[in-house]
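K.L.:
Below is the structure I would like to discuss, written out as structure tokens.
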Number of protein chains: 2
Amino acid sequence: MNQVIETLQNHRSIRKFDDRALTDEQIHTIIKSAQAASTSSFVQAYSIIGVKDKQKKAQLAELAGGQTYVENNGHFFIFCADLYRHQLIAEKYGQDNKAVLESTEKFMVAVIDATLAAQNAVIAAESMGLGAVYIGGLRNQLNEVCDLIKTPPLVLPLFGVAVGYPAHQPDQKQRLPLEQVYHEDVYQQDKDMYLEQLEKYDQDISQYYDKRTNGQRKDTWTGQMASMLSKPTRMYMKEFVAKKGFNKQ
Amino acid sequence: MNQVIETLQNHRSIRKFDDRALTDEQIHTIIKSAQAASTSSFVQAYSIIGVKDKQKKAQLAELAGGQTYVENNGHFFIFCADLYRHQLIAEKYGQDNKAVLESTEKFMVAVIDATLAAQNAVIAAESMGLGAVYIGGLRNQLNEVCDLIKTPPLVLPLFGVAVGYPAHQPDQKQRLPLEQVYHEDVYQQDKDMYLEQLEKYDQDISQYYDKRTNGQRKDTWTGQMASMLSKPTRMYMKEFVAKKGFNKQ
């Protein structure tokens, strides 16, 4: 196993950091690594906001649902889908590209581009001995997040990434069985096989929680998922995304 | 610069491969690395189809617009946003989670999850001396792609990734200036500054093409983008995505 694979497979989300800021050099290495990721047709449809301002970080932590590690970390990045500069280019060339910019296809392109860059950033950070955690909670109140970091139209914050020196070493959570995630040639649609695999997986996950919490937490993966699915969250997203100019046609 | 950062920053898309298939061990290492990526609330909302069947690969190459490297490579992966198993779980628990599964929020979660996994797969492959290229062209005719790999509802192929032993070493294309992609604390909206940066960037990209093609190709980044934006492509996407059960409410 080479050093890269080791870094990838050793990943765990870090939610407690030392009180030590990243240097500008570290930040730039992370951004340069993010930018090296593939981008659909060279479109580079994303932006990254790095938040240093302590008050802004505290506000973001609040908006994300009171997650302390959004405030206390080495650096906080916000990854945004971004077609704003493409709109400027359309203006510069005197074109009307509203339909293209507003398409679901271009929305997907921008989300994918931003996410490829983010994963490179996380891996770069981890390779430098830093830890990281994605903050999907940033999507709880996106209107307020946009106001705080002053995003123009056609810019949509997707998630945060808190980075810093790890102050804990959590266990890794076992993933779904490979044969459930990976299929050859055609998608396997055998429901019984699926449910059988999930039952076995539930047992493994249940043991993990049992061990980690000394028998306090009883939970399975399907149980967690059923609970998550039963709570409609961020149902304002469709409207909000459209308000920002994405995913409209 | 450590080995991981070097792998990340040395990335280039490989579009010509030796005629040598990946071993199952290599494929499994790639998938395991993909699965180690972060996943929103542990939801693991993606699947990966590995295509070995030669005829299917030829058909996919055709569907992606005649890209030969979709057919000729060491292995071809298709990354899919996937909430199908979550629908099975809802059924198992006797829940009706239609609104949640169909939400734009969950669509974004699934696209982000699949993309995080894909980027880990690409980096793992590159670290093993393999090359890779993302195939967005797979979205040209998604209905046919879905038929070919027999995806159930709530599974949406997002892109392919062709992997194999590199048979060429293309130059790297210079990315946007860091200060255009990365902002601190607030998004910089100074249009004049933006356009000035883009002018300088256009000159760099123009020199790159000039050098690479011995003066044959005259192109700039904003010119490329303007041309791309003027062609409405994959405008069926909104309707298709909804047909698959995503992004509806």
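Identifiers in this document derive from the order of the structure tokens: chains are assigned A, B, ..., residues are numbered from 1 separately in each chain, and ligands are numbered from 1 in order of occurrence.
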Which parts of stretch 136-182 of chain B does DSSP call strand (DSSP E) when run on the backbone here, written out as a list of chain:residue names?

P.N.:
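Result set for stretch 136-182 of chain B (strand (DSSP E)): B:Val155, B:Leu156, B:Pro157, B:Leu158, B:Phe159, B:Gly160, B:Val161, B:Ala162, B:Val163, B:Gly164, B:Tyr182.
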
K.L.:
Within 7 Å of stretch 130-136 of chain B, counting only C-alpha atoms, which residues show up once you throw out same-chain ones fewer than 3 positions away? Write them as a list in words, please.

P.N.:
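Counting only the stated atoms, we get Ser40 of chain A; Ser13, Ile14, Arg15, Val122, Ala125, Glu126, Arg139, Phe159, Gly160, Val161, Ala162, Val163, Gly164, Tyr165 and Pro166 of chain B.
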
K.L.:
Would you please give, as a PyMOL selection string, all residues of stretch 88-135 of chain B that DSSP assigns to alpha helix (DSSP H) based on the backbone?

P.N.:
chain B and resi 88-92+98-101+104-127

K.L.:
With a distance threshold of 7 Å and counting only C-alpha atoms, extract the residues of chain B near chain A and express them as a PyMOL selection string.

P.N.:
chain B and resi 3-5+8-9+11+33+35-37+40+43+47-53+89-90+93+97+100+103-105+112+115-116+119-120+124+127+136+149-151+175+181-187+222+225-226+229-230+232+234-235+237-238+249

K.L.:
So what do you get for atom CA of A:Asp204 versus atom CA of A:Asp219, distance-wise?

P.N.:
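The value is 10.3 Å.
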